[in-house]
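File shown here: input_35.pdb, holding PDB, C-alpha atoms and all ligand atoms.
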ATOM      1  CA  MET A 138     -96.272  -2.632   9.655  1.00  0.00           C
ATOM      2  CA  ASP A 139     -96.157   1.107   9.955  1.00  0.00           C
ATOM      3  CA  HIS A 140     -92.520   1.050  10.853  1.00  0.00           C
ATOM      4  CA  TYR A 141     -91.609  -1.277   8.067  1.00  0.00           C
ATOM      5  CA  GLU A 142     -93.260   0.911   5.460  1.00  0.00           C
ATOM      6  CA  GLU A 143     -91.529   3.938   6.827  1.00  0.00           C
ATOM      7  CA  TRP A 144     -88.157   2.239   6.612  1.00  0.00           C
ATOM      8  CA  GLU A 145     -88.773   0.994   3.093  1.00  0.00           C
ATOM      9  CA  ASN A 146     -89.717   4.481   2.025  1.00  0.00           C
ATOM     10  CA  THR A 147     -86.591   6.077   3.373  1.00  0.00           C
ATOM     11  CA  GLU A 148     -84.493   3.289   1.896  1.00  0.00           C
ATOM     12  CA  THR A 149     -85.903   3.748  -1.578  1.00  0.00           C
ATOM     13  CA  SER A 150     -86.159   7.497  -1.456  1.00  0.00           C
ATOM     14  CA  GLU A 151     -82.375   7.870  -1.142  1.00  0.00           C
ATOM     15  CA  PHE A 152     -81.476   5.767  -4.162  1.00  0.00           C
ATOM     16  CA  THR A 153     -84.373   6.056  -6.478  1.00  0.00           C
ATOM     17  CA  ASP A 154     -82.887   8.988  -8.337  1.00  0.00           C
ATOM     18  CA  GLU A 155     -80.191   7.429 -10.564  1.00  0.00           C
ATOM     19  CA  ASP A 156     -78.809  10.773 -11.696  1.00  0.00           C
ATOM     20  CA  ASN A 157     -78.136  11.761  -8.097  1.00  0.00           C
ATOM     21  CA  GLU A 158     -76.360   8.493  -7.421  1.00  0.00           C
ATOM     22  CA  ALA A 159     -74.049   8.896 -10.411  1.00  0.00           C
ATOM     23  CA  GLU A 160     -73.289  12.475  -9.440  1.00  0.00           C
ATOM     24  CA  TYR A 161     -72.525  11.403  -5.909  1.00  0.00           C
ATOM     25  CA  ILE A 162     -70.042   8.711  -7.062  1.00  0.00           C
ATOM     26  CA  GLN A 163     -68.428  11.136  -9.481  1.00  0.00           C
ATOM     27  CA  SER A 164     -67.920  13.778  -6.820  1.00  0.00           C
ATOM     28  CA  ILE A 165     -66.294  11.212  -4.520  1.00  0.00           C
ATOM     29  CA  GLU A 166     -63.932  10.111  -7.283  1.00  0.00           C
ATOM     30  CA  GLU A 167     -63.018  13.681  -8.094  1.00  0.00           C
ATOM     31  CA  LYS A 168     -62.249  14.359  -4.456  1.00  0.00           C
ATOM     32  CA  ARG A 169     -60.105  11.212  -4.347  1.00  0.00           C
ATOM     33  CA  LYS A 170     -58.220  12.251  -7.487  1.00  0.00           C
ATOM     34  CA  SER A 171     -57.537  15.767  -6.295  1.00  0.00           C
ATOM     35  CA  ARG A 172     -56.413  14.466  -2.937  1.00  0.00           C
ATOM     36  CA  SER A 173     -53.881  12.062  -4.482  1.00  0.00           C
ATOM     37  CA  LEU A 174     -52.634  14.857  -6.765  1.00  0.00           C
ATOM     38  CA  LEU A 175     -52.149  17.052  -3.716  1.00  0.00           C
ATOM     39  CA  LEU A 176     -50.214  14.267  -1.946  1.00  0.00           C
ATOM     40  CA  ILE A 177     -47.947  13.770  -4.975  1.00  0.00           C
ATOM     41  CA  PHE A 178     -47.350  17.535  -5.106  1.00  0.00           C
ATOM     42  CA  ILE A 179     -46.453  17.657  -1.399  1.00  0.00           C
ATOM     43  CA  GLN A 180     -44.049  14.730  -1.825  1.00  0.00           C
ATOM     44  CA  LEU A 181     -42.399  16.461  -4.784  1.00  0.00           C
ATOM     45  CA  VAL A 182     -41.973  19.695  -2.827  1.00  0.00           C
ATOM     46  CA  ILE A 183     -40.455  17.801   0.134  1.00  0.00           C
ATOM     47  CA  THR A 184     -38.041  15.937  -2.171  1.00  0.00           C
ATOM     48  CA  VAL A 185     -36.920  19.164  -3.874  1.00  0.00           C
ATOM     49  CA  LEU A 186     -36.451  20.868  -0.482  1.00  0.00           C
ATOM     50  CA  MET A 187     -34.379  17.929   0.790  1.00  0.00           C
ATOM     51  CA  ILE A 188     -32.147  17.986  -2.294  1.00  0.00           C
ATOM     52  CA  LEU A 189     -31.700  21.771  -1.982  1.00  0.00           C
ATOM     53  CA  THR A 190     -30.836  21.445   1.715  1.00  0.00           C
ATOM     54  CA  ALA A 191     -28.333  18.654   1.059  1.00  0.00           C
ATOM     55  CA  VAL A 192     -26.656  20.623  -1.758  1.00  0.00           C
ATOM     56  CA  SER A 193     -26.436  23.861   0.231  1.00  0.00           C
ATOM     57  CA  VAL A 194     -25.092  22.108   3.337  1.00  0.00           C
ATOM     58  CA  LYS A 195     -22.437  20.470   1.197  1.00  0.00           C
ATOM     59  CA  LEU A 196     -21.528  23.745  -0.535  1.00  0.00           C
ATOM     60  CA  ILE A 197     -21.531  25.966   2.564  1.00  0.00           C
ATOM     61  CA  GLY A 198     -20.020  23.294   4.813  1.00  0.00           C
ATOM     62  CA  GLY A 199     -17.230  22.574   2.326  1.00  0.00           C
ATOM     63  CA  THR A 200     -16.414  26.257   1.875  1.00  0.00           C
ATOM     64  CA  VAL A 201     -16.282  26.928   5.610  1.00  0.00           C
ATOM     65  CA  HIS A 202     -14.121  23.872   6.202  1.00  0.00           C
ATOM     66  CA  SER A 203     -11.614  24.718   3.481  1.00  0.00           C
ATOM     67  CA  THR A 204     -11.502  28.437   4.422  1.00  0.00           C
ATOM     68  CA  VAL A 205     -10.767  27.647   8.056  1.00  0.00           C
ATOM     69  CA  GLY A 206      -8.295  24.941   7.031  1.00  0.00           C
ATOM     70  CA  THR A 207      -6.407  27.252   4.638  1.00  0.00           C
ATOM     71  CA  TRP A 208      -6.287  30.107   7.145  1.00  0.00           C
ATOM     72  CA  PHE A 209      -5.019  27.769   9.824  1.00  0.00           C
ATOM     73  CA  TYR A 210      -2.426  26.225   7.549  1.00  0.00           C
ATOM     74  CA  GLU A 211      -1.118  29.666   6.464  1.00  0.00           C
ATOM     75  CA  HIS A 212      -0.919  31.089   9.990  1.00  0.00           C
ATOM     76  CA  TYR A 213       0.274  28.148  12.019  1.00  0.00           C
ATOM     77  CA  ASN A 214       1.949  25.903   9.484  1.00  0.00           C
ATOM     78  CA  ASN A 215       5.320  26.052  11.251  1.00  0.00           C
ATOM     79  CA  SER A 216       3.982  25.567  14.719  1.00  0.00           C
ATOM     80  CA  VAL A 217       1.431  22.775  14.345  1.00  0.00           C
ATOM     81  CA  TRP A 218       2.681  19.266  14.727  1.00  0.00           C
ATOM     82  CA  ILE A 219       0.985  17.223  12.083  1.00  0.00           C
ATOM     83  CA  ASP A 220       1.820  14.175  10.059  1.00  0.00           C
ATOM     84  CA  THR A 221      -0.946  14.675   7.482  1.00  0.00           C
ATOM     85  CA  ALA A 222      -3.373  17.376   6.411  1.00  0.00           C
ATOM     86  CA  GLU A 223      -6.053  15.578   8.415  1.00  0.00           C
ATOM     87  CA  GLY A 224      -4.243  16.282  11.647  1.00  0.00           C
ATOM     88  CA  LEU A 225      -4.719  20.095  11.584  1.00  0.00           C
ATOM     89  CA  LEU A 226      -5.020  20.258  15.359  1.00  0.00           C
ATOM     90  CA  PRO A 227      -3.730  23.259  17.299  1.00  0.00           C
ATOM     91  CA  PHE A 228      -1.418  22.750  20.246  1.00  0.00           C
ATOM     92  CA  GLN A 229      -1.997  25.877  22.303  1.00  0.00           C
ATOM     93  CA  ASP A 230       1.335  26.179  24.107  1.00  0.00           C
ATOM     94  CA  ASN A 231       3.051  25.528  20.824  1.00  0.00           C
ATOM     95  CA  VAL A 232       1.154  28.320  19.056  1.00  0.00           C
ATOM     96  CA  LYS A 233       2.202  30.743  21.802  1.00  0.00           C
ATOM     97  CA  LEU A 234       5.831  29.729  21.386  1.00  0.00           C
ATOM     98  CA  SER A 235       5.714  30.431  17.670  1.00  0.00           C
ATOM     99  CA  GLU A 236       4.214  33.884  18.293  1.00  0.00           C
ATOM    100  CA  THR A 237       7.108  34.910  20.535  1.00  0.00           C
ATOM    101  CA  ASP A 238       9.426  33.323  18.032  1.00  0.00           C
ATOM    102  CA  ASN A 239       8.033  35.543  15.267  1.00  0.00           C
ATOM    103  CA  ALA A 240       8.402  38.640  17.466  1.00  0.00           C
ATOM    104  CA  LEU A 241      12.195  38.231  17.589  1.00  0.00           C
ATOM    105  CA  PRO A 242      14.391  39.625  14.781  1.00  0.00           C
ATOM    106  CA  GLU A 243      15.189  36.939  12.217  1.00  0.00           C
ATOM    107  CA  ASN A 244      18.989  36.796  12.667  1.00  0.00           C
ATOM    108  CA  GLU A 245      18.707  36.752  16.461  1.00  0.00           C
ATOM    109  CA  THR A 246      16.360  33.756  16.207  1.00  0.00           C
ATOM    110  CA  ASP A 247      18.739  31.966  13.881  1.00  0.00           C
ATOM    111  CA  GLU A 248      21.724  32.559  16.156  1.00  0.00           C
ATOM    112  CA  GLN A 249      19.807  31.430  19.218  1.00  0.00           C
ATOM    113  CA  GLU A 250      18.573  28.355  17.364  1.00  0.00           C
ATOM    114  CA  GLU A 251      22.057  27.497  16.158  1.00  0.00           C
ATOM    115  CA  SER A 252      23.557  27.668  19.636  1.00  0.00           C
ATOM    116  CA  ILE A 253      20.738  25.481  20.996  1.00  0.00           C
ATOM    117  CA  ILE A 254      21.275  22.925  18.188  1.00  0.00           C
ATOM    118  CA  ASN A 255      25.001  22.825  19.012  1.00  0.00           C
ATOM    119  CA  LYS A 256      24.170  22.153  22.666  1.00  0.00           C
ATOM    120  CA  LEU A 257      21.698  19.421  21.681  1.00  0.00           C
ATOM    121  CA  LYS A 258      24.300  17.719  19.496  1.00  0.00           C
ATOM    122  CA  LYS A 259      26.474  17.281  22.581  1.00  0.00           C
ATOM    123  CA  THR A 260      23.814  16.280  25.076  1.00  0.00           C
ATOM    124  CA  MET A 261      20.960  14.518  23.251  1.00  0.00           C
ATOM    125  CA  LYS A 262      20.812  10.728  23.451  1.00  0.00           C
ATOM    126  CA  LYS A 263      19.190   8.376  20.962  1.00  0.00           C
ATOM    127  CA  PRO A 264      15.464   7.572  21.436  1.00  0.00           C
ATOM    128  CA  LEU A 265      16.097   3.933  20.359  1.00  0.00           C
ATOM    129  CA  THR A 266      19.092   1.696  20.993  1.00  0.00           C
ATOM    130  CA  LYS A 267      19.354   1.219  17.232  1.00  0.00           C
ATOM    131  CA  THR A 268      18.263   4.106  14.988  1.00  0.00           C
ATOM    132  CA  VAL A 269      17.466   3.090  11.413  1.00  0.00           C
ATOM    133  CA  LEU A 270      16.152   5.960   9.277  1.00  0.00           C
ATOM    134  CA  THR A 271      13.147   4.875   7.173  1.00  0.00           C
ATOM    135  CA  SER A 272      11.812   8.347   6.266  1.00  0.00           C
ATOM    136  CA  ALA A 273      13.750  11.620   6.404  1.00  0.00           C
ATOM    137  CA  PHE A 274      12.759  15.099   7.583  1.00  0.00           C
ATOM    138  CA  GLY A 275      11.274  17.655   5.169  1.00  0.00           C
ATOM    139  CA  GLU A 276       9.363  17.540   1.887  1.00  0.00           C
ATOM    140  CA  ARG A 277       8.089  14.144   0.907  1.00  0.00           C
ATOM    141  CA  GLU A 278       5.394  12.746  -1.311  1.00  0.00           C
ATOM    142  CA  LEU A 279       2.722  10.579   0.277  1.00  0.00           C
ATOM    143  CA  GLU A 280      -0.126   9.097  -1.755  1.00  0.00           C
ATOM    144  CA  GLY A 281       0.504  11.591  -4.539  1.00  0.00           C
ATOM    145  CA  SER A 282       0.355  14.747  -2.406  1.00  0.00           C
ATOM    146  CA  LYS A 283       3.369  16.701  -1.169  1.00  0.00           C
ATOM    147  CA  GLU A 284       3.678  17.338   2.549  1.00  0.00           C
ATOM    148  CA  LYS A 285       6.306  18.406   5.029  1.00  0.00           C
ATOM    149  CA  HIS A 286       7.488  15.594   7.260  1.00  0.00           C
ATOM    150  CA  LYS A 287       7.958  17.254  10.624  1.00  0.00           C
ATOM    151  CA  GLY A 288      10.219  14.600  12.043  1.00  0.00           C
ATOM    152  CA  ILE A 289      12.086  11.453  11.139  1.00  0.00           C
ATOM    153  CA  ASP A 290      10.825   7.874  11.062  1.00  0.00           C
ATOM    154  CA  LEU A 291      12.967   5.258  12.759  1.00  0.00           C
ATOM    155  CA  GLY A 292      12.065   1.712  11.831  1.00  0.00           C
ATOM    156  CA  ALA A 293      11.807  -0.698  14.766  1.00  0.00           C
ATOM    157  CA  GLU A 294       9.851  -3.763  15.760  1.00  0.00           C
ATOM    158  CA  GLU A 295       6.645  -3.399  17.753  1.00  0.00           C
ATOM    159  CA  GLY A 296       7.445  -3.325  21.471  1.00  0.00           C
ATOM    160  CA  THR A 297      10.963  -1.889  21.104  1.00  0.00           C
ATOM    161  CA  GLN A 298      11.812   0.406  24.029  1.00  0.00           C
ATOM    162  CA  ILE A 299      11.754   4.186  23.505  1.00  0.00           C
ATOM    163  CA  PHE A 300      13.927   6.412  25.716  1.00  0.00           C
ATOM    164  CA  ALA A 301      13.749  10.085  26.668  1.00  0.00           C
ATOM    165  CA  VAL A 302      16.557  11.837  24.777  1.00  0.00           C
ATOM    166  CA  MET A 303      17.155  14.478  27.487  1.00  0.00           C
ATOM    167  CA  ASP A 304      15.999  15.469  30.968  1.00  0.00           C
ATOM    168  CA  GLY A 305      12.597  17.123  30.995  1.00  0.00           C
ATOM    169  CA  GLU A 306       8.932  16.904  31.893  1.00  0.00           C
ATOM    170  CA  VAL A 307       6.233  14.947  30.063  1.00  0.00           C
ATOM    171  CA  THR A 308       3.763  17.628  28.923  1.00  0.00           C
ATOM    172  CA  ILE A 309       1.628  15.504  26.601  1.00  0.00           C
ATOM    173  CA  ALA A 310       0.908  11.769  26.884  1.00  0.00           C
ATOM    174  CA  LYS A 311      -2.257  10.860  25.027  1.00  0.00           C
ATOM    175  CA  GLU A 312      -3.890   9.367  21.956  1.00  0.00           C
ATOM    176  CA  ASP A 313      -4.364  11.277  18.685  1.00  0.00           C
ATOM    177  CA  SER A 314      -6.007  10.193  15.425  1.00  0.00           C
ATOM    178  CA  SER A 315      -2.872  11.033  13.446  1.00  0.00           C
ATOM    179  CA  TYR A 316      -0.016  10.509  15.939  1.00  0.00           C
ATOM    180  CA  GLY A 317      -1.621   7.545  17.683  1.00  0.00           C
ATOM    181  CA  ASN A 318      -0.312   7.176  21.246  1.00  0.00           C
ATOM    182  CA  TYR A 319       2.284   9.909  21.598  1.00  0.00           C
ATOM    183  CA  ILE A 320       4.411  11.749  24.110  1.00  0.00           C
ATOM    184  CA  VAL A 321       5.831  15.264  24.192  1.00  0.00           C
ATOM    185  CA  ILE A 322       8.659  16.037  26.602  1.00  0.00           C
ATOM    186  CA  THR A 323       9.443  19.686  27.367  1.00  0.00           C
ATOM    187  CA  HIS A 324      13.139  20.344  28.027  1.00  0.00           C
ATOM    188  CA  ASP A 325      15.124  23.518  28.822  1.00  0.00           C
ATOM    189  CA  ASN A 326      15.661  26.392  26.337  1.00  0.00           C
ATOM    190  CA  GLY A 327      12.282  26.015  24.582  1.00  0.00           C
ATOM    191  CA  VAL A 328      13.168  22.546  23.322  1.00  0.00           C
ATOM    192  CA  LYS A 329      10.528  19.840  22.964  1.00  0.00           C
ATOM    193  CA  THR A 330      10.749  16.269  21.703  1.00  0.00           C
ATOM    194  CA  LEU A 331       7.855  14.208  20.362  1.00  0.00           C
ATOM    195  CA  TYR A 332       7.519  10.430  20.126  1.00  0.00           C
ATOM    196  CA  ALA A 333       4.576   9.109  18.058  1.00  0.00           C
ATOM    197  CA  HIS A 334       2.749   5.927  16.947  1.00  0.00           C
ATOM    198  CA  CYS A 335       3.654   4.129  20.222  1.00  0.00           C
ATOM    199  CA  SER A 336       2.016   0.789  21.052  1.00  0.00           C
ATOM    200  CA  LYS A 337       2.150   1.695  24.745  1.00  0.00           C
ATOM    201  CA  LEU A 338       2.935   4.794  26.823  1.00  0.00           C
ATOM    202  CA  LEU A 339       4.895   4.102  30.024  1.00  0.00           C
ATOM    203  CA  VAL A 340       4.757   7.622  31.524  1.00  0.00           C
ATOM    204  CA  LYS A 341       1.949  10.051  32.283  1.00  0.00           C
ATOM    205  CA  LYS A 342       1.617  13.806  31.798  1.00  0.00           C
ATOM    206  CA  GLY A 343       3.519  15.718  34.504  1.00  0.00           C
ATOM    207  CA  LYS A 344       6.180  13.032  34.997  1.00  0.00           C
ATOM    208  CA  LYS A 345       9.747  14.350  35.328  1.00  0.00           C
ATOM    209  CA  VAL A 346      12.101  12.207  33.253  1.00  0.00           C
ATOM    210  CA  LYS A 347      15.871  11.814  32.919  1.00  0.00           C
ATOM    211  CA  ALA A 348      17.751  11.203  29.681  1.00  0.00           C
ATOM    212  CA  GLY A 349      17.667   7.476  28.942  1.00  0.00           C
ATOM    213  CA  ASP A 350      14.456   6.778  30.908  1.00  0.00           C
ATOM    214  CA  LYS A 351      12.076   4.277  29.321  1.00  0.00           C
ATOM    215  CA  ILE A 352       8.974   6.253  28.265  1.00  0.00           C
ATOM    216  CA  ALA A 353       7.086   4.148  25.696  1.00  0.00           C
ATOM    217  CA  LEU A 354       7.126   1.168  23.329  1.00  0.00           C
ATOM    218  CA  VAL A 355       7.290   1.310  19.519  1.00  0.00           C
ATOM    219  CA  GLY A 356       4.062   0.566  17.637  1.00  0.00           C
ATOM    220  CA  SER A 357       1.974   1.604  14.642  1.00  0.00           C
ATOM    221  CA  THR A 358      -0.979   3.429  16.241  1.00  0.00           C
ATOM    222  CA  GLY A 359      -2.594   6.403  14.490  1.00  0.00           C
ATOM    223  CA  GLN A 360      -1.754   7.053  10.845  1.00  0.00           C
ATOM    224  CA  ALA A 361       1.295   4.831  10.543  1.00  0.00           C
ATOM    225  CA  TYR A 362       2.319   2.677   7.581  1.00  0.00           C
ATOM    226  CA  GLY A 363       4.064   0.148   9.803  1.00  0.00           C
ATOM    227  CA  SER A 364       5.826  -0.275  13.098  1.00  0.00           C
ATOM    228  CA  HIS A 365       8.167   2.708  13.622  1.00  0.00           C
ATOM    229  CA  LEU A 366       8.955   5.659  15.871  1.00  0.00           C
ATOM    230  CA  HIS A 367       8.081   9.089  14.472  1.00  0.00           C
ATOM    231  CA  PHE A 368      10.471  11.417  16.301  1.00  0.00           C
ATOM    232  CA  GLU A 369      10.401  15.227  16.282  1.00  0.00           C
ATOM    233  CA  ILE A 370      12.546  17.954  17.817  1.00  0.00           C
ATOM    234  CA  LEU A 371      11.103  21.454  18.215  1.00  0.00           C
ATOM    235  CA  ILE A 372      12.963  24.610  19.176  1.00  0.00           C
ATOM    236  CA  ASN A 373      10.570  27.417  20.194  1.00  0.00           C
ATOM    237  CA  GLY A 374       7.804  25.639  18.322  1.00  0.00           C
ATOM    238  CA  LYS A 375       9.791  25.177  15.099  1.00  0.00           C
ATOM    239  CA  ASN A 376      10.643  21.710  13.830  1.00  0.00           C
ATOM    240  CA  ILE A 377      14.290  20.994  13.099  1.00  0.00           C
ATOM    241  CA  ASP A 378      15.784  17.917  11.422  1.00  0.00           C
ATOM    242  CA  PRO A 379      16.441  15.400  14.241  1.00  0.00           C
ATOM    243  CA  ALA A 380      18.946  13.575  12.019  1.00  0.00           C
ATOM    244  CA  THR A 381      21.311  16.570  12.364  1.00  0.00           C
ATOM    245  CA  VAL A 382      21.254  16.199  16.155  1.00  0.00           C
ATOM    246  CA  ILE A 383      21.022  12.506  17.065  1.00  0.00           C
ATOM    247  CA  LYS A 384      23.219   9.740  15.727  1.00  0.00           C
ATOM    248  CA  ILE A 385      21.644   7.628  12.955  1.00  0.00           C
ATOM    249  CA  ASP A 386      22.966   4.055  12.714  1.00  0.00           C
ATOM    250  CA  GLU A 387      23.868   2.344   9.468  1.00  0.00           C
ATOM    251  CA  GLU A 388      21.491  -0.442   8.538  1.00  0.00           C
ATOM    252  CA  THR A 389      23.424  -3.678   8.984  1.00  0.00           C
ATOM    253  CA  ASP A 390      20.857  -6.342   8.021  1.00  0.00           C
TER     254      ASP A 390
HETATM  255 ZN    ZN A 401       6.844  10.270  10.519  1.00  0.00          ZN
END

Is it possible to express this structure as structure tokens?
Ligand SMILES: [Zn+2]
Amino acid sequence: MDHYEEWENTETSEFTDEDNEAEYIQSIEEKRKSRSLLLIFIQLVITVLMILTAVSVKLIGGTVHSTVGTWFYEHYNNSVWIDTAEGLLPFQDNVKLSETDNALPENETDEQEESIINKLKKTMKKPLTKTVLTSAFGERELEGSKEKHKGIDLGAEEGTQIFAVMDGEVTIAKEDSSYGNYIVITHDNGVKTLYAHCSKLLVKKGKKVKAGDKIALVGSTGQAYGSHLHFEILINGKNIDPATVIKIDEETD
């Protein structure tokens, strides 16, 4: 009995005062309110910070990208082999060639280039048995923006054989996002030839080739609008119009 009374007393003593009970509930509710306000505030701060971070990354990132892109385009425009602005990739040996090229007096370079072109006209073979020009060298408009086409496009069915145009060594044979599967052959006198968008490469880097050797098959890999061979000729890192060197066939179909 003693214990029971004791228990009853404690039980009642805590809740007999109604004012205290109301105060207690109120203080709990106030705490709850202020806590949820604090949580909302924290969430707001985090959201604002995230938006600020996203905006600054976009602004700074964009500026850095375009600054680097513009600088690169201005300095190495003539020496970089690209089909589109997206393919702003440096080719180290090519960059070096263009630096020595720039070091020579202008007229000397022109004379040297002219004599090399004359030699090429006599010795260079066709990269395809039948050469049908589908896009010429130089300025052209693609999807509304002007760009310099660094080679010529020769229309051909997928799987058509591609031949080395002169003796030389395969110095690049790989895949690129813009060129697709492509090959670069380095010849004498600072001359290079490039064969892009191939469906299959038949030679590897380091392979010595002879004029007329089968090196690849026509395709539409990389940024290509259809099955064709994109063919470039470079003299000391500078693109020249391949149509002035190799024979272009009349379309007979
Ligand atoms: Zn092309």

### Contacts to ligand ZN 401 (chain A) at 8 Å cut-off (all atoms listed in the file) as an NGL selection string
:A and (220 or 272 or 286-290 or 333 or 361 or 366-368)

### Message
Ranking A:Ala159, A:Ile372, A:Ile165, A:Ile377 by minimum distance to A:Gly275 and counting all atoms listed in the file, which one comes first?
### Response
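For A:Gly275, the nearest of the candidates is A:Ile377.
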
List the spatial neighbours of stretch 334-337 of chain A as a PDB file with C-alpha atoms, keeping the file's coordinate frame - criterion: any atom at most 6 Å away, only C-alpha atoms, same-chain residues fewer than 5 positions off excluded.
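Written out: out_7.pdb:
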ATOM      1  CA  TYR A 316      -0.016  10.509  15.939  1.00  0.00           C
ATOM      2  CA  GLY A 317      -1.621   7.545  17.683  1.00  0.00           C
ATOM      3  CA  ASN A 318      -0.312   7.176  21.246  1.00  0.00           C
ATOM      4  CA  ALA A 353       7.086   4.148  25.696  1.00  0.00           C
ATOM      5  CA  LEU A 354       7.126   1.168  23.329  1.00  0.00           C
ATOM      6  CA  VAL A 355       7.290   1.310  19.519  1.00  0.00           C
ATOM      7  CA  GLY A 356       4.062   0.566  17.637  1.00  0.00           C
ATOM      8  CA  SER A 357       1.974   1.604  14.642  1.00  0.00           C
ATOM      9  CA  THR A 358      -0.979   3.429  16.241  1.00  0.00           C
ATOM     10  CA  GLY A 359      -2.594   6.403  14.490  1.00  0.00           C
TER      11      GLY A 359
END

### Task
Rank nothing, just name the residue among A:Gly327, A:Pro264, A:Gly292, A:Gly343 nearest to A:Val307, using all atoms listed in the file.
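Closest to A:Val307, using all atoms listed in the file: A:Gly343.
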
### Query
When you draw a straight line from atom CA of A:Thr268 to atom CA of A:Ile385, how long is it in Å?
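A separation of 5.3 Å between them.
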
### Task
Please identify all polymer residues within 8 Å of A:Ala310, counting all atoms listed in the file, omitting same-chain residues fewer than 3 positions from it, and present them as a list in words.
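The filter keeps Val307, Asn318, Tyr319, Ile320, Val321, Leu338, Val340, Lys341 and Lys342 of chain A.
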
### Task
Go ahead and compute the interatomic distance for atom CA of A:Thr381 and atom CA of A:Val328, in Å to one decimal.
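Calculated distance between atom CA of A:Thr381 and atom CA of A:Val328 is 14.9 Å.
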
## Note on the structure
Atom pair atom CA of A:Asn255 + atom CA of A:Val382, distance 8.1 Å

#### Entry: Nearest residue to A:Glu294 from the set A:Pro379, A:Glu369, A:Asp386, A:Val269 (distances using only C-alpha atoms)
A:Val269

Starting from the incomplete input, reconstruct N, CA and C atoms of stretch 306-317 of chain A and report them as a short mmCIF file (atom, residue, chain, number, x, y, z; two decimals), in the frame of the given file.
data_model
loop_
_atom_site.label_atom_id
_atom_site.label_comp_id
_atom_site.auth_asym_id
_atom_site.auth_seq_id
_atom_site.Cartn_x
_atom_site.Cartn_y
_atom_site.Cartn_z
N GLU A 306 10.22 17.25 31.29
CA GLU A 306 8.93 16.90 31.89
C GLU A 306 7.96 16.51 30.78
N VAL A 307 7.23 15.40 31.03
CA VAL A 307 6.23 14.95 30.06
C VAL A 307 5.07 15.94 30.10
N THR A 308 4.85 16.63 28.96
CA THR A 308 3.76 17.63 28.92
C THR A 308 2.56 17.15 28.13
N ILE A 309 2.76 16.14 27.28
CA ILE A 309 1.63 15.50 26.60
C ILE A 309 1.87 13.99 26.61
N ALA A 310 0.85 13.23 26.98
CA ALA A 310 0.91 11.77 26.88
C ALA A 310 -0.52 11.32 26.62
N LYS A 311 -0.86 11.19 25.35
CA LYS A 311 -2.26 10.86 25.03
C LYS A 311 -2.37 10.23 23.65
N GLU A 312 -3.63 9.98 23.25
CA GLU A 312 -3.89 9.37 21.96
C GLU A 312 -4.39 10.43 20.99
N ASP A 313 -3.96 10.33 19.73
CA ASP A 313 -4.36 11.28 18.68
C ASP A 313 -4.66 10.47 17.42
N SER A 314 -5.62 10.96 16.61
CA SER A 314 -6.01 10.19 15.42
C SER A 314 -4.86 10.06 14.43
N SER A 315 -3.98 11.05 14.39
CA SER A 315 -2.87 11.03 13.45
C SER A 315 -1.60 10.46 14.08
N TYR A 316 -1.23 10.95 15.26
CA TYR A 316 -0.02 10.51 15.94
C TYR A 316 -0.17 9.17 16.68
N GLY A 317 -1.40 8.73 16.87
CA GLY A 317 -1.62 7.54 17.68
C GLY A 317 -1.30 7.86 19.13
#
